[in-house]
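Have a look at the structure below before the remarks.
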Amino acid sequence: MENFGHLLEGFSVLLTFQNLGATLLGCVLGLIIGAMPGIGSLAGCALLLPLTYAFNPTTAIIMLGGLYYSNMYGGAFSAILLNIPGDSPAIMTTLDGYPMATVKKRPGQALLTSNISSFIGGAIGMVILTFMGPALADVGLKFGPVEMTALLLVALTSIGWLVGENPTKALLLTMFGILVASVGMDTLSGSPRYDFGNIYLLGGIPFTAFVIGLVGFSQVILLMEERKVIPQFVTDKLTLRGSMVTGHDVRRMLMPSIRAGFLGTFIGVLPGAGATAASIMAYSAQKSFKSEEKLGTGAIEGLAACESANNGAAAGAFAPLLALGIPGSGTGAVLLGGLMMWGLNPGPMLFKNSPDFAWGLIASLFLANFLALVISWGVIPFLIKILSVPTKLLIPSITVICVVGSYSTESSMYGVIVMFLSGVLGYVMQKSRYATAPLLLAFVLAPMLESNMRKSFIISRGSIDIFFQKPISVALLSVLLAILLFPVVRFLLVKAGLLKPGAKAA
Amino acid sequence: MSETSGTKRAARRFGVEQAIPLAAATVALFFLWLGLTKYGFWSDQRGPLPGFVPVVVSAGMLLVSALAFLFSWKEKAPTWPRESWAVVLSGALIIAGTAVIGLLPSVAIYLVVWLRLYEKCSWKTTLITFTVIMAIVIGCFVLWLGVRFPQGLILDAILRK
């Protein structure tokens with residue numbers, strides 16, 4: 001009940017004209033950006049991060065939270081209508097969403113199913129966040145440099161296995177991200193490192209410009225390959241009445257949404273997992289349950305499961321972000337960067353030192369979930385028109401926003417150059433099937449890992465034994481060992497004929 | 001065998017998929033060398049030094065690069081459509097143009113040239129898109145956020161006089 005009281009206080013923080021307006025603006029922008037193919041919440045948050053500089057920290061992060069949250073709703077629109085996922089969590093949405101809209105000719109119902117299941121998943125995630133977030137913070141207080149080192153090692157290692165189809169590539173980019181993050185000043189002594197005497201490099205690689213390039217600008221280059229594709233389907237007229245679901249549809253989507261909401265929230269809490277992994281796992285889990293139609297043919301159950309899971313994960317990811325300062329996804333990394341820029345230090349003390357901020361943000365997520373449901377249903381006919389904006393107009397528009405946004409973060413052309421170079425790097429990586437999310441997560445986590453690891457060694461006077469003397473650290477290092485040994489065990493099981501070669505252990 | 005989007009049949013010749021692990025190994029070697037020789041690895045009194053993490057990670061990256069290089073021969077070679085590089089070229093031209101005429105005129109010229117000449121859009125579409133984007137840039141970034149964009153050599157020289 002205490003947390004419920006805090007939540008009510010959070011709503012009192014939220015109920016100012018500026019904060020309500022920021023939530024609404026975040027929701028509208030999130031829906032629009034999410035619906036734009038290839039942009040996604042990560043690029044959306046990165047592109048709009050400079051716009052929040054004019055607000056105070058609470059309002060700014062509330063707006064970004066609303067943007068991030070509603071983006072999950074918007075990401076499904078282009079996935080359902082164009083078979084192009086608006087962002088990576090919506091990849092699974094295409095499997096049943098697009099056939100439901102095209103083959104079954106129920107585009108409105110597909111969109112509304114996605115909205116309702118997103119709302120259910122998000123609501124489950126937020127209730128868990130409300131009651132478990134502060135508990136996680138209490139657990140977090142037990143995390144000193146030793147425990148944090150072990151936890152960050154688990155997070156960094158799990159990125160490699162969870163993101164992308166090729167763990168070697170993910171591991172390579174994770175390590176590259178750590179090296180990129182080491183450019184600038186040493187985290188403990190403040191001495192220059194890998195700066196080559198350059199004053200700009202001495203300040204390190206600017207986070208926002210790096211993200212805008214790696215995610216946003218690289219997507220623009222990739223979009224060039226699709227610019228001549230003309231969306232035919234979206235020219236059909238779609239009305240609100242025509243998008244209503246039946247009672248039977250609601251019954252079909254309810255249980256998959258609830259199950260996936262819990263699963264998604266749990267996965268979202270894990271560092272390095274994120275909404276994409278949640279939607280994939282929820283969809284896989286739904287295959288074990290009964291569905292009225294076969295999954296992949298336009299089944300409501302499949303669509304509901306992945307949409308609910310990715311919104312559950314979006315809410316769940318806030319728990320480690322706020323309570324431990326560990327982002328659960330690339331977008332979480334952007335939000336963490338934003339928090340740090342405003343001088344807020346997410347971690348165990350956040351709920352104690354800045355309760356108005358922490359609870360105001362959680363309250364804003366509840367509001368954003370409701371607003372996103374209402375707005376996304378109301379704007380279904382309008383969004384069809386947005387989606388029909390030709391890619392050839394989108395490309396120069398986003399390029400300009402990338403250039404202007406990256407300049408404004410640094411007030412220097414250094415930001416634009418970093419954006420440009422990281423954009424080309426991101427493009428080459430994505431074309432070569434290297435997922436860039438591990439690089440981004442490692443870039444954010446590496447300074448924390450280095451700082452905590454070196455503090456631990458200083459405390460122990462250089463002895464590694466300190467990592468094996470604390471129970472939490474030992475437990476986390478056991479998880480780390482399991483993650484590292486998992487592929488070896490799987491290989492041996494396949495060799496012994498106990499596991500099919502293509503089977504997933506999850 | 002049908003081609004998948006953006007990829008060609010299995011490549012046997014040296015390509016980008018091999019160049020990436022090699023480039024990663026080179027970066028790792030460079031960070032390793034600088035870490036050991038310039039920044040230091042370990043001190044008995046102070047524990048790990050600034051080069052500690054980069055050296056450990058670089059060593060690991062060398063191993064992973066070798067693995068990635070070996071696996072890369074089984075990879076399908078990506079295709080590199082020429083038009084994609086037009087965006088890269090336009091980005092480079094905006095950066096170069098900013099030094100001479102300033103950032104806002106550079107992006108304004110880029111928008112018109114790209115839409116009108118490259119995409120062959122009508123004047124109506126070009127002007128509508130131009131107006132919307134420049135309104136966002138000037139309205140949000142210049143007027144709202146107060147960002148002072150670079151004016152370029154020419155305007156700087158004129159204003160200095």
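If you're wondering about the labels, chains in the structure tokens are A, B, ... by order shown, residues count from 1 in each chain, ligands from 1 in order shown.
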
Using only C-alpha atoms, what does the table of chain B residues within 7 Å of chain A look like, with each row giving the shortest atom pair and its distance in Å to one decimal, sorted by chain and ascending number, as a tab-separated table?
residue	atom	partner	partner_atom	distance
B:Glu17	CA	A:Ser432	CA	6.3
B:Arg46	CA	A:Ile458	CA	6.3
B:Gly47	CA	A:Gly462	CA	5.0
B:Pro48	CA	A:Arg454	CA	5.9
B:Pro50	CA	A:Asp186	CA	5.9
B:Val53	CA	A:Glu450	CA	6.5
B:Pro54	CA	A:Leu179	CA	6.0
B:Val57	CA	A:Met175	CA	6.1
B:Met61	CA	A:Met175	CA	6.1
B:Val64	CA	A:Leu172	CA	6.0
B:Ser65	CA	A:Leu172	CA	6.7
B:Ala68	CA	A:Thr168	CA	6.2
B:Pro78	CA	A:Lys431	CA	6.1
B:Glu83	CA	A:Met224	CA	6.6
B:Ser84	CA	A:Met224	CA	5.3
B:Val87	CA	A:Ile221	CA	5.9
B:Gly91	CA	A:Phe420	CA	6.8
B:Val107	CA	A:Val400	CA	6.3
B:Leu111	CA	A:Pro396	CA	6.2
B:Glu119	CA	A:Lys392	CA	6.9
B:Ile133	CA	A:Ser397	CA	6.3
B:Leu145	CA	A:Ala54	CA	6.2
B:Val147	CA	A:Ser408	CA	6.2

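All residues within stretch 82-306 of chain A that the backbone DSSP calculation assigns to strand (DSSP E or B) are Gly184, Met185, Pro192 and Arg193 of chain A.
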
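What separates atom CA of A:Ser478 from atom CA of B:Ala24 is a distance of 29.6 Å.
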
Per DSSP on the backbone, what are the helix (DSSP H, G or I) residues of stretch 131-348 of chain A, as a ChimeraX atom specification?
-> /A:131-141,145-162,167-181,199-202,207-226,233-235,241-243,247-269,274-286,300-316,318-323,330-341

Non-local contacts of stretch 364-371 of chain A (7 Å; only C-alpha atoms; under 6 positions in same chain excluded) as a ChimeraX atom specification = /A:14,23,27,62,65-66,69-70,119,122,126

With C-alpha atoms retained, export the selected residues as a tab-separated table (two decimals), in the first residue's frame.
chain	number	residue	atom	x	y	z
A	14	LEU	CA	2.55	14.57	-13.07
A	23	THR	CA	3.41	13.23	-21.75
A	27	CYS	CA	2.86	9.99	-26.90
A	62	ILE	CA	8.59	12.08	-18.60
A	65	GLY	CA	9.25	7.94	-21.27
A	66	GLY	CA	5.96	8.70	-23.04
A	69	TYR	CA	6.31	3.82	-24.46
A	70	SER	CA	3.96	4.96	-27.23
A	119	PHE	CA	-2.24	-1.83	-23.30
A	122	GLY	CA	1.99	-2.42	-20.54
A	126	MET	CA	3.65	-1.09	-14.84

Using only C-alpha atoms, which residues sit within 8 Å of B:Phe41 once same-chain residues fewer than 6 positions away are excluded, as a short mmCIF file (atom, residue, chain, number, x, y, z; two decimals) with C-alpha atoms, in the first residue's frame?
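result_24.cif was written with the following content:
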data_model
loop_
_atom_site.label_atom_id
_atom_site.label_comp_id
_atom_site.auth_asym_id
_atom_site.auth_seq_id
_atom_site.Cartn_x
_atom_site.Cartn_y
_atom_site.Cartn_z
CA GLY B 35 47.44 0.33 -23.35
CA PRO B 48 44.63 -1.67 -12.25
CA LEU B 49 45.88 1.30 -14.27
CA PRO B 50 44.08 3.23 -17.08
CA GLY B 51 45.25 0.68 -19.66
CA PHE B 52 43.87 -2.31 -17.73
CA VAL B 55 44.20 -4.24 -22.70
#

Just how far from atom CA of A:Phe357 is atom CA of A:Leu344, in Å to one decimal?
->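 Interatomic distance, atom CA of A:Leu344 to atom CA of A:Phe357: 9.3 Å.
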
Atom pair atom CA of A:Gly312 / atom CA of A:Ile61: separation (Å) =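 Going from atom CA of A:Gly312 over to atom CA of A:Ile61 covers 19.1 Å.
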